[in-house]
$ cat run-v8.cif   # mmCIF, C-alpha atoms
data_upload
loop_
_atom_site.label_atom_id
_atom_site.label_comp_id
_atom_site.auth_asym_id
_atom_site.auth_seq_id
_atom_site.Cartn_x
_atom_site.Cartn_y
_atom_site.Cartn_z
CA MET A 13 89.57 105.52 93.35
CA MET A 14 91.65 102.57 94.48
CA LEU A 15 93.84 99.92 92.92
CA GLY A 16 94.68 96.54 94.31
CA ASN A 17 92.14 94.84 96.50
CA CYS A 18 89.24 97.17 96.11
CA ALA A 19 86.56 97.76 98.67
CA THR A 20 83.11 98.93 97.85
CA SER A 21 80.40 99.62 100.37
CA SER A 22 78.66 96.42 99.26
CA SER A 23 81.68 94.30 100.05
CA LEU A 24 82.04 95.57 103.62
CA SER A 25 81.04 92.93 106.13
CA THR A 26 78.38 93.47 108.75
CA GLU A 27 81.06 93.65 111.45
CA SER A 28 79.95 96.06 114.14
CA ASP A 29 81.79 99.27 114.92
CA GLU A 30 82.71 97.85 118.34
CA ASP A 31 84.50 94.95 116.63
CA ILE A 32 86.30 97.33 114.34
CA VAL A 33 87.58 99.71 117.03
CA ASN A 34 90.87 98.15 118.00
CA ASN A 35 93.10 99.26 120.80
CA ASN A 36 96.10 97.17 119.81
CA LEU A 37 96.84 98.12 116.23
CA THR A 38 99.62 100.55 115.43
CA VAL A 39 99.80 102.82 112.41
CA LEU A 40 102.59 104.86 110.88
CA VAL A 41 101.44 107.85 108.79
CA VAL A 42 104.13 108.90 106.33
CA ASP A 43 103.35 112.24 104.71
CA ASP A 44 105.22 115.51 104.23
CA SER A 45 102.04 117.58 104.67
CA PRO A 46 101.43 118.66 108.29
CA MET A 47 97.74 119.02 107.47
CA ILE A 48 97.40 115.46 106.18
CA ARG A 49 99.41 114.07 109.12
CA LYS A 50 97.07 115.85 111.55
CA LEU A 51 93.96 114.74 109.68
CA HIS A 52 94.92 111.10 109.46
CA ASP A 53 96.26 111.05 113.02
CA MET A 54 92.91 112.27 114.35
CA HIS A 55 90.84 110.04 112.11
CA LEU A 56 92.74 106.89 112.98
CA LYS A 57 92.71 107.62 116.72
CA LYS A 58 88.90 107.71 116.55
CA PHE A 59 89.13 104.00 115.82
CA GLY A 60 91.35 103.39 118.82
CA LEU A 61 94.52 103.01 116.77
CA LYS A 62 97.92 104.03 118.10
CA VAL A 63 99.38 106.46 115.60
CA GLN A 64 102.89 107.68 114.91
CA VAL A 65 103.77 110.10 112.13
CA ALA A 66 106.82 110.50 109.92
CA GLU A 67 107.47 113.66 107.91
CA ASN A 68 109.18 111.91 105.04
CA GLY A 69 110.18 108.53 103.69
CA LYS A 70 113.69 108.56 105.09
CA ASN A 71 112.32 109.06 108.63
CA ALA A 72 110.00 106.11 108.05
CA VAL A 73 112.86 103.85 106.95
CA ASP A 74 115.00 105.00 109.90
CA LEU A 75 112.14 104.12 112.28
CA PHE A 76 112.06 100.56 111.01
CA ARG A 77 115.85 100.30 111.05
CA SER A 78 115.77 101.32 114.72
CA GLY A 79 113.47 98.38 115.45
CA ALA A 80 110.03 99.98 115.32
CA SER A 81 107.17 97.98 113.85
CA PHE A 82 103.64 98.85 112.85
CA ASN A 83 100.60 96.88 111.76
CA LEU A 84 99.74 99.45 109.11
CA ILE A 85 101.68 102.09 107.18
CA LEU A 86 99.87 104.86 105.33
CA MET A 87 102.24 106.05 102.64
CA ASP A 88 102.08 109.28 100.68
CA LYS A 89 103.58 109.13 97.20
CA GLU A 90 105.00 112.60 96.58
CA MET A 91 107.55 113.36 99.29
CA PRO A 92 111.00 114.93 99.33
CA ILE A 93 114.21 112.89 99.84
CA MET A 94 112.52 109.51 99.18
CA ASP A 95 109.13 109.26 97.54
CA GLY A 96 106.48 106.79 98.64
CA ALA A 97 107.33 104.20 96.01
CA GLU A 98 111.03 104.23 96.93
CA VAL A 99 110.23 103.91 100.63
CA THR A 100 107.81 101.06 100.00
CA LYS A 101 110.39 99.16 97.93
CA GLU A 102 113.03 99.73 100.60
CA LEU A 103 110.75 98.54 103.41
CA ARG A 104 109.81 95.39 101.48
CA THR A 105 113.50 94.74 100.76
CA MET A 106 114.15 95.06 104.49
CA GLY A 107 111.55 92.33 105.04
CA VAL A 108 108.77 94.53 106.41
CA THR A 109 105.50 92.62 106.12
CA SER A 110 103.22 95.30 107.57
CA MET A 111 100.23 96.27 105.49
CA ILE A 112 101.39 99.26 103.41
CA VAL A 113 98.64 101.42 101.94
CA GLY A 114 99.27 104.22 99.50
CA VAL A 115 97.30 107.41 100.18
CA THR A 116 97.79 109.72 97.26
CA SER A 117 96.23 112.39 95.12
CA LEU A 118 97.75 110.85 91.98
CA ASP A 119 95.05 110.64 89.36
CA SER A 120 96.86 108.80 86.58
CA ILE A 121 96.07 105.08 86.54
CA PHE A 122 99.57 104.45 85.24
CA ASP A 123 101.14 106.32 88.21
CA ARG A 124 98.91 104.51 90.69
CA GLN A 125 99.75 101.14 89.17
CA ALA A 126 103.45 101.94 89.41
CA PHE A 127 102.95 102.88 93.07
CA MET A 128 101.08 99.61 93.73
CA GLU A 129 103.88 97.64 92.08
CA ALA A 130 106.38 99.10 94.55
CA GLY A 131 104.82 96.76 97.12
CA LEU A 132 101.58 98.29 98.34
CA ASP A 133 98.69 96.23 99.59
CA HIS A 134 96.12 98.89 98.67
CA CYS A 135 95.99 102.43 97.33
CA PHE A 136 93.43 105.08 98.24
CA THR A 137 92.77 108.66 97.22
CA LYS A 138 93.78 111.28 99.78
CA PRO A 139 92.37 111.94 102.31
CA LEU A 140 91.35 108.66 103.84
CA THR A 141 87.62 108.34 104.52
CA THR A 142 85.85 106.52 107.33
CA GLU A 143 84.87 103.79 104.87
CA ASN A 144 88.50 103.34 103.84
CA ILE A 145 89.59 102.98 107.48
CA ILE A 146 86.85 100.45 108.24
CA PHE A 147 87.90 98.44 105.19
CA LEU A 148 91.55 98.49 106.28
CA LEU A 149 90.71 97.41 109.81
CA GLN A 150 88.70 94.51 108.45
CA GLU A 151 91.63 93.52 106.23
CA LEU A 152 94.01 93.79 109.20
CA ASN A 153 91.73 91.62 111.32
CA LYS A 154 91.62 89.03 108.52
CA LYS A 155 95.42 89.15 108.23
CA ASN A 156 95.87 88.71 111.97
CA ASN A 157 93.45 85.76 112.01
CA GLU A 158 95.31 84.07 109.15
CA GLU A 159 98.66 84.55 110.88
CA ASN A 160 97.44 83.15 114.24
CA MET B 10 74.98 136.40 127.04
CA ASP B 11 72.16 134.71 125.14
CA ARG B 12 73.93 132.44 122.72
CA ASN B 13 70.85 131.30 120.80
CA PRO B 14 70.80 134.10 118.20
CA MET B 15 74.54 133.65 117.77
CA ARG B 16 74.12 129.91 117.35
CA ARG B 17 71.44 130.53 114.76
CA GLN B 18 73.72 132.97 112.97
CA LEU B 19 76.52 130.40 113.06
CA ALA B 20 74.25 127.69 111.64
CA ILE B 21 73.08 130.04 108.87
CA MET B 22 76.65 131.01 108.07
CA ARG B 23 77.66 127.38 107.90
CA GLN B 24 74.71 126.43 105.70
CA SER B 25 75.45 129.23 103.27
CA LEU B 26 79.03 128.00 102.81
CA PHE B 27 77.58 124.76 101.47
CA ASP B 28 74.65 126.29 99.61
CA GLN B 29 76.93 128.71 97.76
CA GLY B 30 79.28 125.89 96.85
CA TYR B 31 82.29 127.03 98.83
CA LEU B 32 82.45 123.80 100.82
CA ASP B 33 81.61 120.19 100.12
CA GLU B 34 81.10 116.99 102.12
CA GLN B 35 84.76 116.69 103.02
CA PHE B 36 84.33 119.64 105.41
CA ILE B 37 81.65 117.65 107.22
CA GLU B 38 84.12 114.75 107.55
CA LEU B 39 86.45 117.18 109.34
CA GLU B 40 83.66 118.38 111.61
CA GLN B 41 82.85 114.80 112.55
CA LEU B 42 86.41 114.31 113.77
CA GLN B 43 86.19 117.31 116.11
CA ASP B 44 85.35 116.50 119.72
CA ASP B 45 85.52 117.95 123.22
CA ALA B 46 89.18 116.98 123.53
CA ASN B 47 89.97 118.75 120.24
CA PRO B 48 87.38 121.54 120.05
CA ASN B 49 89.29 123.57 117.46
CA PHE B 50 90.34 120.69 115.25
CA VAL B 51 88.63 121.95 112.08
CA GLU B 52 90.07 125.43 112.47
CA GLU B 53 93.54 123.97 113.10
CA VAL B 54 93.35 121.85 109.95
CA VAL B 55 92.15 124.79 107.89
CA THR B 56 94.96 126.93 109.30
CA LEU B 57 97.48 124.28 108.27
CA TYR B 58 95.89 124.18 104.82
CA TYR B 59 96.35 127.92 104.31
CA ARG B 60 99.91 127.68 105.56
CA ASP B 61 100.79 124.72 103.27
CA SER B 62 98.97 126.05 100.25
CA ALA B 63 100.48 129.56 100.43
CA ARG B 64 103.80 128.01 99.42
CA LEU B 65 102.19 126.25 96.46
CA ILE B 66 100.43 129.42 95.32
CA LEU B 67 103.78 131.20 95.41
CA ASN B 68 105.44 128.41 93.41
CA ILE B 69 102.72 128.63 90.78
CA GLN B 70 102.98 132.41 90.72
CA HIS B 71 106.75 132.22 90.10
CA ALA B 72 106.34 129.53 87.48
CA LEU B 73 103.82 131.75 85.64
CA GLU B 74 106.39 134.56 85.58
CA ARG B 75 108.85 132.41 83.63
CA LYS B 76 108.34 132.20 79.87
CA PRO B 77 107.75 129.91 78.14
CA PHE B 78 105.53 128.14 80.65
CA ASP B 79 106.62 124.76 81.92
CA PHE B 80 103.15 123.23 81.76
CA ASN B 81 104.27 119.97 83.36
CA LYS B 82 105.67 121.81 86.36
CA LEU B 83 102.58 123.99 86.62
CA ASP B 84 100.36 120.94 86.44
CA GLY B 85 102.43 119.25 89.14
CA TYR B 86 102.12 122.20 91.53
CA MET B 87 98.40 122.53 90.88
CA HIS B 88 97.91 118.82 91.39
CA GLN B 89 99.37 119.15 94.89
CA PHE B 90 97.33 122.26 95.56
CA LYS B 91 94.15 120.56 94.43
CA GLY B 92 94.85 117.59 96.69
CA SER B 93 95.26 119.86 99.71
CA SER B 94 92.16 121.85 98.86
CA SER B 95 90.11 118.65 98.52
CA SER B 96 91.18 117.65 102.00
CA ILE B 97 89.30 120.53 103.60
CA GLY B 98 86.35 120.43 101.22
CA ALA B 99 87.28 123.66 99.41
CA ASN B 100 84.87 122.98 96.56
CA LYS B 101 85.17 126.11 94.39
CA VAL B 102 88.93 126.25 94.85
CA LYS B 103 89.11 122.61 93.78
CA ALA B 104 87.00 123.35 90.68
CA GLU B 105 89.30 126.19 89.63
CA SER B 106 92.31 123.92 90.18
CA THR B 107 90.77 121.35 87.85
CA LEU B 108 90.20 124.00 85.19
CA PHE B 109 93.77 125.24 85.51
CA ARG B 110 95.06 121.69 85.04
CA GLU B 111 92.94 121.27 81.92
CA TYR B 112 94.54 124.41 80.49
CA CYS B 113 97.98 123.03 81.38
CA ARG B 114 97.25 119.80 79.54
CA SER B 115 96.16 121.71 76.47
CA ALA B 116 99.17 124.06 76.82
CA ASN B 117 96.83 127.06 76.93
CA ALA B 118 98.91 129.82 78.56
CA GLU B 119 96.16 132.45 78.59
CA GLY B 120 93.71 129.97 80.02
CA CYS B 121 96.18 129.16 82.79
CA MET B 122 96.62 132.84 83.65
CA ARG B 123 92.87 133.45 83.75
CA ALA B 124 92.17 130.34 85.78
CA PHE B 125 94.90 131.19 88.25
CA GLN B 126 93.49 134.68 88.83
CA GLN B 127 90.04 133.21 89.44
CA LEU B 128 91.50 130.55 91.71
CA LYS B 129 93.25 133.16 93.85
CA LYS B 130 89.96 135.05 94.19
CA GLU B 131 88.09 131.94 95.32
CA TYR B 132 90.94 131.00 97.67
CA ALA B 133 90.92 134.46 99.30
CA THR B 134 87.12 134.57 99.50
CA LEU B 135 86.96 131.20 101.19
CA ARG B 136 89.65 132.25 103.65
CA LYS B 137 87.69 135.36 104.65
CA LYS B 138 84.47 133.43 105.04
CA LEU B 139 86.09 130.69 107.10
CA GLU B 140 87.88 133.19 109.32
CA ALA B 141 84.57 134.90 110.04
CA TYR B 142 82.92 131.55 110.66
CA PHE B 143 85.58 130.34 113.08
CA GLN B 144 85.61 133.64 114.91
CA LEU B 145 81.87 133.36 115.51
CA ALA B 146 82.22 129.69 116.42
CA ARG B 147 84.79 130.55 119.09
CA GLN B 148 82.41 133.07 120.62
CA THR B 149 79.42 130.78 120.40
CA GLY B 150 80.84 127.37 121.10
CA PRO B 151 80.60 124.72 118.37
CA LEU B 152 77.32 123.54 116.86
CA GLU B 153 76.37 120.30 118.57
CA THR B 154 76.49 117.89 115.65
CA ALA B 155 77.91 117.98 112.19
CA THR B 156 74.99 117.73 109.83
CA ARG B 157 74.85 117.28 106.13
CA PRO B 158 73.66 120.39 104.29
CA LYS B 159 69.96 120.35 103.36
#
$ encode --input "run-v8.cif" --output "structure tokens"
Amino acid sequence: MMLGNCATSSSLSTESDEDIVNNNLTVLVVDDSPMIRKLHDMHLKKFGLKVQVAENGKNAVDLFRSGASFNLILMDKEMPIMDGAEVTKELRTMGVTSMIVGVTSLDSIFDRQAFMEAGLDHCFTKPLTTENIIFLLQELNKKNNEEN
Amino acid sequence: MDRNPMRRQLAIMRQSLFDQGYLDEQFIELEQLQDDANPNFVEEVVTLYYRDSARLILNIQHALERKPFDFNKLDGYMHQFKGSSSSIGANKVKAESTLFREYCRSANAEGCMRAFQQLKKEYATLRKKLEAYFQLARQTGPLETATRPK
């Protein structure tokens, strides 16, 4: 289940896998679960993405404050210290324009909507699937083309 | 050592985990991520799952020892547990988690207790089966491709 700009298999373009595998895009995975961090790290690297992980929201904010930047941020909602919505709001306030995608097991539409309103571009159910990643890469390619 | 009978045994063991409903498609997603550079990836993820989820089981256990039940808290813990279990394709465990959450929402204390006992059984059973599976896989070498169950 997703909110925001939704992808369905019918809306995916006929872009080939070779076009989608991208060696230049960077991703920050923000999740307090070591299992999820490992899973997403592996999955994203299969697509040639450069992945960094953060164990909680505060670490993610500190990374950006130290000058790091990423094309894509995968943001868990339920985390200690700062939850995903708080981190997302903070990053947007700091002027971060990276694509921020919520990856959560929240099942209430109300909770997901609130998470989206914090500043997400998309929201997916945990864990991310191959289809989700392909969709995100297509969106990132579109974004890069618009910005250039 | 002739690995063919062991490979067959491994394939049968794997198939039965799906046929008996212990695992779902998400496990296949994990298998598809495993490669020569990370030959034990699935086992590592499952190990992390059991490590993470043990804490949640304990939290739920403690919460069920406090009366009256805080159904919101219980639901919150189980929600996290269900999310983790989904990530490795733990199908039966996920189903019991769903049932537990339904009992929380209807404030059914006895239902919660029963569902939790059943959940712990399924959780332990899956652990045993996966441990046996991974032990055989280590001896045999991994099956060549991840295939969807018939």
$ residues_around --input "run-v8.cif" --residues "Met111 in chain A" --least-positions-apart "3" --cutoff "8 Å" --atoms "all atoms listed in the file" --output "ChimeraX atom specification"
/A:83-85,132-133,152
$ write_last_selection --input "run-v8.cif" --atoms "C-alpha atoms" --output "tab-separated table (two decimals), in the frame of the given file"
chain	number	residue	atom	x	y	z
A	83	ASN	CA	100.60	96.88	111.76
A	84	LEU	CA	99.74	99.45	109.11
A	85	ILE	CA	101.68	102.09	107.18
A	132	LEU	CA	101.58	98.29	98.34
A	133	ASP	CA	98.69	96.23	99.59
A	152	LEU	CA	94.01	93.79	109.20
$ resolve_selection --input "run-v8.cif" --expression "the PyMOL selection byres ((chain B) within 9 of (chain A))" --output "PyMOL selection string"
chain B and resi 35+38-39+42-43+50+53-58+61+88-89+91-93+95-96
$ atom_distance --input "run-v8.cif" --atom1 "CA of Leu83 in chain B" --atom2 "CA of Leu26 in chain B"
28.9 Å
$ atom_distance --input "run-v8.cif" --atom1 "CA of Thr107 in chain B" --atom2 "CA of Phe90 in chain B"
10.2 Å
$ atom_distance --input "run-v8.cif" --atom1 "CA of Gly131 in chain A" --atom2 "CA of Gly69 in chain A"
14.5 Å
$ resolve_selection --input "run-v8.cif" --expression "the PyMOL selection byres ((chain A and resi 89) around 9)" --output "list of chain:residue names"
A:Asp43, A:Met87, A:Asp88, A:Glu90, A:Met91, A:Asp95, A:Gly96, A:Ala97, A:Glu98, A:Gly114, A:Val115, A:Thr116, A:Ser117, A:Leu118, A:Phe127
$ closest_residue --input "run-v8.cif" --among "A:Leu86, A:Leu149, A:Val113, A:Met106" --to "Glu67 in chain A" --atoms "all atoms listed in the file"
A:Leu86
$ residues_around --input "run-v8.cif" --residues "range 112-129 of chain B" --least-positions-apart "5" --cutoff "6 Å" --atoms "only C-alpha atoms" --output "list in words"
Phe80, Asp84, Val102 and Glu105 of chain B
$ residues_around --input "run-v8.cif" --residues "Leu19 in chain B" --least-positions-apart "5" --cutoff "7 Å" --atoms "only C-alpha atoms" --output "PyMOL selection string"
chain B and resi 142+145-146
$ resolve_selection --input "run-v8.cif" --expression "the PyMOL selection byres ((chain A and resi 70) around 8)" --output "PyMOL selection string"
chain A and resi 68-69+71-74+93-94+99
$ build_atoms --input "run-v8.cif" --residues "range 36-52 of chain A" --atoms "N, CA, C and O atoms" --output "compact mmCIF listing (two decimals), keeping the file's coordinate frame"
# COMPACT_ATOMS: atom_id res chain seq x y z
N ASN A 36 94.76 97.74 119.86
CA ASN A 36 96.10 97.17 119.81
C ASN A 36 96.85 97.46 118.52
O ASN A 36 98.04 97.21 118.46
N LEU A 37 96.18 97.94 117.52
CA LEU A 37 96.84 98.12 116.23
C LEU A 37 97.60 99.44 116.18
O LEU A 37 97.14 100.45 116.68
N THR A 38 98.76 99.37 115.53
CA THR A 38 99.62 100.55 115.43
C THR A 38 99.73 100.97 113.97
O THR A 38 99.76 100.13 113.07
N VAL A 39 99.77 102.27 113.76
CA VAL A 39 99.80 102.82 112.41
C VAL A 39 100.91 103.85 112.30
O VAL A 39 101.09 104.67 113.21
N LEU A 40 101.62 103.82 111.19
CA LEU A 40 102.59 104.86 110.88
C LEU A 40 102.05 105.65 109.69
O LEU A 40 101.77 105.09 108.63
N VAL A 41 101.89 106.96 109.88
CA VAL A 41 101.44 107.85 108.79
C VAL A 41 102.67 108.56 108.24
O VAL A 41 103.35 109.28 108.96
N VAL A 42 102.95 108.30 106.96
CA VAL A 42 104.13 108.90 106.33
C VAL A 42 103.66 109.91 105.30
O VAL A 42 103.12 109.55 104.25
N ASP A 43 103.82 111.18 105.61
CA ASP A 43 103.35 112.24 104.71
C ASP A 43 104.08 113.53 105.05
O ASP A 43 104.28 113.86 106.22
N ASP A 44 104.49 114.26 103.99
CA ASP A 44 105.22 115.51 104.23
C ASP A 44 104.28 116.68 104.51
O ASP A 44 104.75 117.78 104.81
N SER A 45 102.98 116.48 104.42
CA SER A 45 102.04 117.58 104.67
C SER A 45 101.59 117.55 106.13
O SER A 45 100.97 116.57 106.58
N PRO A 46 101.87 118.62 106.89
CA PRO A 46 101.43 118.66 108.29
C PRO A 46 99.91 118.53 108.42
O PRO A 46 99.40 117.93 109.36
N MET A 47 99.21 119.07 107.43
CA MET A 47 97.74 119.02 107.47
C MET A 47 97.26 117.58 107.35
O MET A 47 96.39 117.14 108.10
N ILE A 48 97.81 116.85 106.39
CA ILE A 48 97.40 115.46 106.18
C ILE A 48 97.79 114.61 107.39
O ILE A 48 97.03 113.74 107.84
N ARG A 49 98.98 114.84 107.93
CA ARG A 49 99.41 114.07 109.12
C ARG A 49 98.42 114.29 110.26
O ARG A 49 98.01 113.34 110.93
N LYS A 50 98.01 115.53 110.46
CA LYS A 50 97.07 115.85 111.55
C LYS A 50 95.71 115.19 111.30
O LYS A 50 95.10 114.62 112.20
N LEU A 51 95.27 115.28 110.05
CA LEU A 51 93.96 114.74 109.68
C LEU A 51 93.92 113.23 109.90
O LEU A 51 93.00 112.69 110.51
N HIS A 52 94.90 112.55 109.36
CA HIS A 52 94.92 111.10 109.46
C HIS A 52 95.15 110.64 110.89
O HIS A 52 94.55 109.66 111.35
